[in-house]
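What follows is the content of structure.csv (CSV, C-alpha atoms).
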chain,number,residue,atom,x,y,z
D,1,MET,CA,102.9,146.4,100.6
D,2,ARG,CA,104.8,148.4,97.9
D,3,ARG,CA,107.2,146.5,95.8
D,4,ARG,CA,110.2,148.7,96.8
D,5,ASP,CA,109.4,148.4,100.5
D,6,PHE,CA,109.1,144.6,100.1
D,7,ILE,CA,112.5,144.3,98.4
D,8,GLY,CA,114.2,146.6,100.8
D,9,GLY,CA,112.9,144.5,103.7
D,10,PHE,CA,114.3,141.2,102.5
D,11,GLY,CA,117.8,142.3,101.3
D,12,VAL,CA,118.7,142.2,97.6
D,13,ILE,CA,121.6,140.5,95.9
D,14,GLY,CA,122.9,142.2,92.8
D,15,ALA,CA,125.9,142.5,90.4
D,16,ALA,CA,129.0,144.5,89.7
D,17,ALA,CA,129.8,148.0,88.4
D,18,SER,CA,129.8,149.9,85.2
D,19,THR,CA,129.5,153.5,84.0
D,20,GLN,CA,127.9,152.3,80.7
D,21,PHE,CA,124.4,151.6,82.0
D,22,GLY,CA,121.8,154.3,81.1
D,23,ARG,CA,122.0,154.4,77.4
D,24,GLY,CA,119.0,152.2,76.7
D,25,SER,CA,115.3,152.5,77.1
D,26,TYR,CA,115.4,151.1,80.6
D,27,ALA,CA,117.8,153.8,82.1
D,28,GLN,CA,116.6,154.0,85.7
D,29,SER,CA,116.9,156.4,88.5
D,30,ALA,CA,117.8,155.1,92.0
D,31,GLN,CA,114.1,155.3,92.9
D,32,LYS,CA,113.1,153.0,90.0
D,33,ARG,CA,115.6,150.3,89.4
D,34,PRO,CA,114.6,147.2,87.3
D,35,ILE,CA,114.0,144.2,89.5
D,36,ILE,CA,115.1,140.7,88.5
D,37,ALA,CA,113.6,137.8,90.5
D,38,TRP,CA,115.8,134.7,90.7
D,39,ALA,CA,113.4,131.8,90.7
D,40,GLY,CA,115.8,129.1,92.0
D,41,ALA,CA,114.5,126.8,94.8
D,42,PRO,CA,115.5,123.5,96.4
D,43,PRO,CA,115.1,120.5,94.0
D,44,ALA,CA,112.1,118.2,93.9
D,45,GLY,CA,112.2,115.7,96.7
D,46,ALA,CA,114.1,118.0,99.1
D,47,PRO,CA,112.7,118.2,102.6
D,48,ALA,CA,110.8,121.3,103.7
D,49,GLY,CA,113.1,124.1,104.6
D,50,ALA,CA,116.0,122.5,102.7
D,51,ASN,CA,118.7,124.9,101.4
D,52,VAL,CA,120.0,125.0,97.9
D,53,PRO,CA,123.5,123.3,98.0
D,54,GLN,CA,126.2,125.9,98.0
D,55,PHE,CA,127.9,124.6,94.8
D,56,ILE,CA,124.6,124.8,93.0
D,57,LEU,CA,124.1,128.3,94.2
D,58,GLU,CA,127.5,129.3,93.0
D,59,LEU,CA,127.1,127.5,89.7
D,60,THR,CA,123.7,129.0,88.8
D,61,PHE,CA,123.1,132.3,90.7
D,62,GLY,CA,126.8,133.0,91.1
D,63,ASN,CA,127.5,132.8,87.4
D,64,PHE,CA,124.3,134.7,86.6
D,65,VAL,CA,125.6,137.6,88.8
D,66,LYS,CA,129.0,137.4,87.0
D,67,GLY,CA,127.2,137.6,83.7
D,68,LEU,CA,125.3,140.7,84.8
D,69,ALA,CA,128.5,142.2,86.1
D,70,GLU,CA,130.2,141.8,82.8
D,71,LEU,CA,127.5,144.0,81.3
D,72,GLY,CA,127.7,146.6,84.0
D,73,TYR,CA,124.8,146.1,86.3
D,74,VAL,CA,125.5,147.4,89.8
D,75,GLN,CA,123.5,146.4,92.9
D,76,GLY,CA,121.6,149.3,94.3
D,77,ARG,CA,122.5,151.6,91.5
D,78,ASN,CA,120.9,150.2,88.3
D,79,VAL,CA,119.5,146.8,89.2
D,80,ASP,CA,118.1,144.8,92.1
D,81,VAL,CA,118.0,141.0,92.2
D,82,ILE,CA,116.0,139.1,94.8
D,83,LYS,CA,116.2,135.4,95.4
D,84,ARG,CA,112.9,133.5,95.7
D,85,PHE,CA,114.1,131.3,98.6
D,86,ASP,CA,115.2,134.4,100.6
D,87,MET,CA,111.7,135.9,100.7
D,88,PHE,CA,110.5,134.1,103.8
D,89,SER,CA,112.5,132.6,106.7
D,90,ASP,CA,110.4,129.5,107.1
D,91,ARG,CA,109.7,128.4,103.5
D,92,VAL,CA,110.3,128.9,99.8
D,93,ALA,CA,107.9,131.4,98.2
D,94,THR,CA,105.6,130.1,95.6
D,95,MET,CA,106.0,131.5,92.1
D,96,GLU,CA,102.6,133.2,92.4
D,97,GLU,CA,103.9,135.0,95.6
D,98,LEU,CA,107.1,136.0,93.8
D,99,VAL,CA,105.2,137.6,91.0
D,100,ALA,CA,102.5,139.2,93.2
D,101,LEU,CA,104.8,140.6,96.0
D,102,VAL,CA,107.9,141.5,94.0
D,103,LYS,CA,106.4,142.4,90.6
D,104,PRO,CA,109.7,141.8,88.9
D,105,ASP,CA,110.7,143.2,85.5
D,106,ILE,CA,112.3,139.9,84.6
D,107,ILE,CA,112.2,136.4,86.1
D,108,ALA,CA,115.5,134.4,85.8
D,109,ALA,CA,114.9,130.7,86.1
D,110,PRO,CA,117.8,128.3,86.6
D,111,ALA,CA,116.1,125.3,84.8
D,112,THR,CA,113.0,124.2,82.9
D,113,LEU,CA,111.0,123.2,86.0
D,114,GLN,CA,111.2,126.7,87.4
D,115,ALA,CA,110.5,128.2,83.9
D,116,VAL,CA,107.3,126.1,83.7
D,117,GLU,CA,106.3,127.4,87.2
D,118,ALA,CA,107.0,131.0,86.2
D,119,ARG,CA,105.1,130.7,82.9
D,120,LYS,CA,102.0,129.4,84.8
D,121,ALA,CA,102.3,132.4,87.1
D,122,THR,CA,102.6,135.0,84.4
D,123,SER,CA,102.3,135.3,80.6
D,124,THR,CA,103.6,138.9,80.5
D,125,ILE,CA,106.7,139.2,82.6
D,126,PRO,CA,109.8,138.2,80.6
D,127,ILE,CA,111.3,134.8,81.7
D,128,VAL,CA,114.9,133.9,80.9
D,129,CYS,CA,116.1,130.4,81.6
D,130,GLY,CA,119.7,129.0,81.8
D,131,ALA,CA,118.8,125.4,81.2
D,132,LEU,CA,115.7,125.0,78.9
D,133,ALA,CA,114.7,121.6,77.7
D,134,ASP,CA,111.7,120.3,75.7
D,135,ALA,CA,110.5,123.9,75.7
D,136,VAL,CA,108.4,123.7,72.5
D,137,HIS,CA,106.6,120.5,73.7
D,138,LEU,CA,106.0,122.1,77.1
D,139,GLY,CA,104.4,125.2,75.5
D,140,LEU,CA,107.1,127.6,76.7
D,141,ILE,CA,108.1,128.7,73.3
D,142,ALA,CA,106.9,128.4,69.7
D,143,SER,CA,110.3,127.6,68.3
D,144,GLU,CA,113.9,128.0,69.2
D,145,ALA,CA,114.4,130.6,66.5
D,146,ARG,CA,111.3,132.6,67.3
D,147,PRO,CA,110.2,131.9,70.9
D,148,GLY,CA,107.2,134.1,70.4
D,149,GLY,CA,106.0,134.5,74.0
D,150,ASN,CA,107.6,135.6,77.3
D,151,VAL,CA,110.2,132.8,77.6
D,152,THR,CA,113.7,132.5,76.1
D,153,GLY,CA,117.2,131.5,77.2
D,154,ILE,CA,119.8,128.7,76.8
D,155,GLU,CA,119.2,125.1,75.8
D,156,PRO,CA,122.2,123.1,77.2
D,157,TYR,CA,121.1,119.7,75.8
D,158,ILE,CA,122.8,119.2,72.4
D,159,SER,CA,121.7,116.5,70.0
D,160,GLY,CA,124.6,114.1,69.5
D,161,LEU,CA,126.2,114.6,72.9
D,162,PRO,CA,125.0,111.2,74.2
D,163,THR,CA,126.9,109.5,71.3
D,164,LYS,CA,130.1,111.2,72.5
D,165,GLN,CA,129.4,110.1,76.1
D,166,ILE,CA,129.0,106.5,75.0
D,167,GLU,CA,132.3,106.8,73.1
D,168,LEU,CA,133.8,108.1,76.3
D,169,ALA,CA,132.4,105.1,78.2
D,170,ARG,CA,134.1,102.8,75.7
D,171,GLU,CA,137.3,104.7,76.0
D,172,ILE,CA,137.6,104.2,79.7
D,173,ALA,CA,136.2,100.6,79.6
D,174,PRO,CA,137.2,99.1,76.2
D,175,THR,CA,135.8,95.7,77.1
D,176,ALA,CA,132.4,97.0,78.3
D,177,GLY,CA,129.4,95.2,76.9
D,178,CYS,CA,126.6,96.7,79.0
D,179,ILE,CA,125.9,100.3,79.7
D,180,GLY,CA,123.8,101.3,82.7
D,181,LEU,CA,121.7,104.4,82.6
D,182,LEU,CA,120.8,106.3,85.8
D,183,THR,CA,117.7,108.1,84.7
D,184,ASN,CA,115.4,110.8,86.1
D,185,MET,CA,112.4,110.6,83.9
D,186,ASN,CA,110.3,113.1,85.8
D,187,ASP,CA,112.6,115.8,84.5
D,188,PRO,CA,111.8,117.1,81.0
D,189,LYS,CA,115.5,116.7,80.0
D,190,GLY,CA,115.4,113.0,80.8
D,191,PRO,CA,113.4,111.2,78.1
D,192,PRO,CA,115.2,112.7,75.0
D,193,GLN,CA,118.6,111.8,76.5
D,194,VAL,CA,117.5,108.2,77.1
D,195,GLY,CA,116.4,107.8,73.5
D,196,ASP,CA,119.7,109.1,72.1
D,197,LEU,CA,121.8,107.1,74.5
D,198,LYS,CA,119.9,103.9,73.6
D,199,ALA,CA,120.4,104.6,69.9
D,200,ALA,CA,124.1,105.3,70.4
D,201,CYS,CA,124.5,102.0,72.3
D,202,GLN,CA,122.6,100.0,69.7
D,203,ALA,CA,124.7,101.4,66.9
D,204,ILE,CA,127.8,99.8,68.3
D,205,GLY,CA,126.3,96.6,69.8
D,206,LEU,CA,126.2,97.5,73.5
D,207,SER,CA,123.3,96.3,75.7
D,208,VAL,CA,121.6,98.8,78.0
D,209,VAL,CA,120.0,98.5,81.4
D,210,GLU,CA,118.1,101.4,83.1
D,211,ALA,CA,117.2,102.4,86.7
D,212,ASP,CA,115.2,105.5,87.5
D,213,ALA,CA,115.7,107.9,90.4
D,214,ASN,CA,113.2,110.7,90.9
D,215,MET,CA,113.9,111.4,94.6
D,216,PRO,CA,117.2,111.6,96.4
D,217,ASN,CA,116.4,108.4,98.3
D,218,ASP,CA,116.0,106.5,95.0
D,219,ILE,CA,119.6,107.0,94.0
D,220,PRO,CA,121.4,104.3,96.1
D,221,GLY,CA,118.8,101.6,95.1
D,222,ALA,CA,119.0,102.6,91.4
D,223,LEU,CA,122.8,102.3,91.3
D,224,ALA,CA,122.6,99.0,93.2
D,225,ALA,CA,120.1,97.7,90.6
D,226,LEU,CA,122.5,98.7,87.8
D,227,ALA,CA,125.3,97.0,89.5
D,228,ASN,CA,123.2,93.8,90.0
D,229,ASP,CA,122.4,94.0,86.2
D,230,LYS,CA,126.1,93.8,85.5
D,231,ALA,CA,126.5,97.2,84.0
D,232,ASP,CA,130.1,97.9,83.1
D,233,VAL,CA,129.8,101.6,83.0
D,234,ILE,CA,127.1,104.0,84.3
D,235,VAL,CA,126.0,107.0,82.3
D,236,VAL,CA,124.2,109.5,84.5
D,237,LEU,CA,121.6,111.7,82.8
D,238,GLN,CA,121.8,115.5,82.8
D,239,THR,CA,118.9,116.6,85.0
D,240,ASN,CA,118.4,119.0,88.0
D,241,LEU,CA,118.0,116.3,90.6
D,242,LEU,CA,121.0,114.2,89.5
D,243,LEU,CA,123.2,117.4,89.3
D,244,VAL,CA,122.2,118.5,92.8
D,245,ARG,CA,123.0,115.0,94.1
D,246,SER,CA,126.5,114.9,92.6
D,247,GLU,CA,128.2,114.1,95.8
D,248,GLN,CA,125.8,111.3,96.7
D,249,ILE,CA,126.1,109.8,93.2
D,250,GLY,CA,129.9,110.0,93.2
D,251,ALA,CA,130.3,108.4,96.7
D,252,THR,CA,127.7,105.7,96.1
D,253,ALA,CA,129.1,104.7,92.7
D,254,LEU,CA,132.6,104.6,94.1
D,255,SER,CA,131.5,102.4,97.0
D,256,MET,CA,130.0,100.0,94.4
D,257,ARG,CA,133.1,100.3,92.2
D,258,LEU,CA,131.1,101.6,89.3
D,259,PRO,CA,132.9,103.7,86.6
D,260,THR,CA,130.7,106.8,85.8
D,261,VAL,CA,130.2,109.1,82.8
D,262,PHE,CA,128.4,112.4,83.0
D,263,GLY,CA,127.5,115.4,81.0
D,264,TYR,CA,128.4,118.0,83.6
D,265,ARG,CA,131.8,118.7,85.1
D,266,GLU,CA,130.3,119.3,88.5
D,267,HIS,CA,129.8,115.6,88.9
D,268,VAL,CA,133.5,115.0,88.3
D,269,ILE,CA,134.4,117.7,90.8
D,270,HIS,CA,132.3,115.7,93.3
D,271,GLY,CA,133.8,112.3,92.7
D,272,GLY,CA,132.5,111.1,89.4
D,273,LEU,CA,135.0,109.6,86.9
D,274,VAL,CA,134.7,111.5,83.6
D,275,SER,CA,132.3,114.0,81.9
D,276,TYR,CA,131.9,115.5,78.5
D,277,GLY,CA,129.3,118.1,77.7
D,278,VAL,CA,128.1,121.7,78.0
D,279,ASP,CA,129.8,124.0,80.5
D,280,LEU,CA,126.9,125.2,82.7
D,281,ARG,CA,129.0,128.1,84.0
D,282,TRP,CA,128.9,129.6,80.6
D,283,CYS,CA,125.1,129.1,80.3
D,284,TYR,CA,124.4,131.0,83.5
D,285,ARG,CA,126.8,133.8,82.7
D,286,ARG,CA,125.2,134.1,79.3
D,287,LEU,CA,121.8,134.8,80.8
D,288,GLY,CA,123.1,138.3,81.5
D,289,TYR,CA,123.0,138.9,77.7
D,290,PHE,CA,119.2,138.2,77.7
D,291,VAL,CA,118.6,140.4,80.7
D,292,ASP,CA,120.5,143.3,79.1
D,293,LYS,CA,118.6,142.9,75.8
D,294,ILE,CA,115.3,142.9,77.5
D,295,LEU,CA,116.1,145.9,79.8
D,296,ARG,CA,117.1,147.8,76.7
D,297,GLY,CA,113.7,147.1,75.0
D,298,ALA,CA,113.9,143.8,73.3
D,299,ARG,CA,110.9,141.4,73.6
D,300,PRO,CA,111.8,137.9,74.9
D,301,GLY,CA,109.8,136.3,72.1
D,302,ASP,CA,112.1,137.9,69.6
D,303,LEU,CA,115.3,136.7,71.2
D,304,PRO,CA,116.3,133.2,69.8
D,305,VAL,CA,117.1,130.4,72.2
D,306,GLU,CA,120.8,129.8,72.2
D,307,PHE,CA,122.8,126.6,72.2
D,308,PRO,CA,126.4,126.4,73.6
D,309,THR,CA,129.1,125.8,71.0
D,310,ALA,CA,132.0,124.8,73.3
D,311,PHE,CA,132.1,121.6,75.3
D,312,TRP,CA,134.1,120.6,78.4
D,313,LEU,CA,135.9,117.3,79.1
D,314,ALA,CA,136.9,116.6,82.7
D,315,ALA,CA,138.4,113.6,84.5
D,316,ASN,CA,138.9,112.8,88.1
D,317,LEU,CA,142.2,111.0,88.5
D,318,LYS,CA,141.7,110.3,92.2
D,319,THR,CA,138.5,108.4,91.4
D,320,ALA,CA,140.2,106.6,88.5
D,321,LYS,CA,142.9,105.4,90.9
D,322,ALA,CA,140.4,104.2,93.5
D,323,LEU,CA,138.5,102.3,90.8
D,324,GLY,CA,141.6,100.8,89.2
D,325,VAL,CA,140.7,102.5,85.9
D,326,ILE,CA,143.6,103.5,83.6
D,327,VAL,CA,142.6,106.8,81.9
D,328,PRO,CA,143.9,106.7,78.3
D,329,THR,CA,146.7,109.1,77.4
D,330,GLY,CA,144.6,110.5,74.6
D,331,LEU,CA,141.8,111.4,77.0
D,332,LEU,CA,144.3,113.0,79.4
D,333,SER,CA,145.7,115.1,76.6
D,334,ARG,CA,142.3,116.3,75.4
D,335,ALA,CA,140.9,117.1,78.9
D,336,ASP,CA,140.0,120.6,79.7
D,337,GLU,CA,140.2,119.8,83.4
D,338,LEU,CA,141.9,117.1,85.5
D,339,ILE,CA,141.0,116.6,89.2
D,340,GLU,CA,143.9,115.1,91.2
Let me see the structure of the file written as structure tokens.
Amino acid sequence: MRRRDFIGGFGVIGAAASTQFGRGSYAQSAQKRPIIAWAGAPPAGAPAGANVPQFILELTFGNFVKGLAELGYVQGRNVDVIKRFDMFSDRVATMEELVALVKPDIIAAPATLQAVEARKATSTIPIVCGALADAVHLGLIASEARPGGNVTGIEPYISGLPTKQIELAREIAPTAGCIGLLTNMNDPKGPPQVGDLKAACQAIGLSVVEADANMPNDIPGALAALANDKADVIVVLQTNLLLVRSEQIGATALSMRLPTVFGYREHVIHGGLVSYGVDLRWCYRRLGYFVDKILRGARPGDLPVEFPTAFWLAANLKTAKALGVIVPTGLLSRADELIE
């Protein structure tokens, strides 16, 4: 099966318009448009045939498409984007199938786990990732400054953020003596965060209890364990699984009357109490920059991994009221987003 026939048969999702495209080395005719494969898939532990939650699709793929649009890529005119989970009606395509059947010019991976899968499937096709973590240790890149291979992108985990999250926990619960960590250690982003969070707690004399959740069904039991261990505030790690299960975490923590602190605003949108961290919307829009550079001739190994420089503080006042938590005036005045 020819690549163009395959893509035409499955329906392609693309981005918005511009008259600027065509000046670079990848100026394409309508018969030979560059193809970007979106490597997103349901998270680990999801049942067979599960769909990606709509809010995750909008956060990741939706913002990626916006980033492409800002740089002038038009569906059907100068770019084609195909989603991995749309290739077959009864299952998610393997990364090997994606590479073999689509033969994309670029693979866009929403997170590290998909980037690892893609790197195993190809060492030549450029891979751009919106949420890289532990990329050097995993062998995806040689260094952030000079990735050196076929992988690059955005690293949303910033050293020092866990300290700010612990400060936020103390701000909403001044008398807290014990911090609970809801972890997801199977995700490469998990272990570094746990180390930083423990160090931040130790520095100000807070005790720490942990409970791990690596499958959706683990989450209620893990939160119950933290409640039984008398955690005053729960800090939820920034990982794929825990982000996807935002609604479950928010509802379960509220039912157990547990104040929660997060790194991503999406948790607060779905019932969490407060969050401070990287704005993932920016990360996925920014992937368009890497795509544009590569389509214009840059090698991914020469494009440095980027780190966000702006951070987002959000609070859910409805959740605060339900928990009986008084959100400090200073926090309210600093917040970028208040959910009422």
Shell around D:Glu266 at 12 Å using only C-alpha atoms, local window under 5 positions removed, as a PyMOL selection string: chain D and resi 55-56+58-60+238+240+242-247+249-250+261+271-281+312-316+337+339
Quick check, in Å to one decimal: how far apart do atom CA of D:Val128 and atom CA of D:Lys32 lie?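 Atom-to-atom, atom CA of D:Val128 to atom CA of D:Lys32, that is 21.2 Å.
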Could you pull the residues within 7 Å of D:Gly130, counting all atoms listed in the file, minus those fewer than 5 positions along the same chain, as a PyMOL selection string? chain D and resi 109-111+153-154+283-284+287
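Atom pair atom CA of D:Leu295 / atom CA of D:Gly149 has a distance of 16.3 Å (rounded to one decimal).
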Measuring atom to atom with all atoms listed in the file, identify which of D:Cys201, D:Ala224, D:Val291, D:Met87 is nearest to D:Gly72. D:Val291
Write out as a ChimeraX atom specification the residues lying within 12 Å of stretch 209-222 of chain D, counting all atoms listed in the file and excluding same-chain residues fewer than 2 positions away. /D:43-47,177-188,190-191,194-195,197-198,201,206-207,224-237,239-256
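The gap separating atom CA of D:Asp196 from atom CA of D:Val208 is 12.0 Å, in Å to one decimal.
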Is it possible to get the residues within 6 Å of (111.6, 145.7, 84.8) (coordinates as in the file, counting only C-alpha atoms) written as a list of chain:residue names?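 Returned residue set, sorted by chain then number, is D:Pro34, D:Ile35, D:Pro104, D:Asp105, D:Ile106.
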Between D:Ala108, D:Leu223, D:Ala131, D:Ala176, which has the minimum distance to D:Phe307 (counting all atoms listed in the file)?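 The closest residue to D:Phe307 is D:Ala131.
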Protein and nucleic acid residues near (112.2, 127.8, 67.9) (cut-off 12 Å, all atoms listed in the file) as a VMD selection string: chain D and resid 132 to 137 139 to 149 151 to 155 301 to 307
Here is a test: counting all atoms listed in the file, which residue of D:Gly40, D:Pro174, D:Pro259, D:Gly288 is nearest to D:Ala93? D:Gly40
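Residue nearest D:Ile125, chosen from D:Tyr157, D:Asp90, D:Lys321, D:Val99 and counting all atoms listed in the file: D:Val99.
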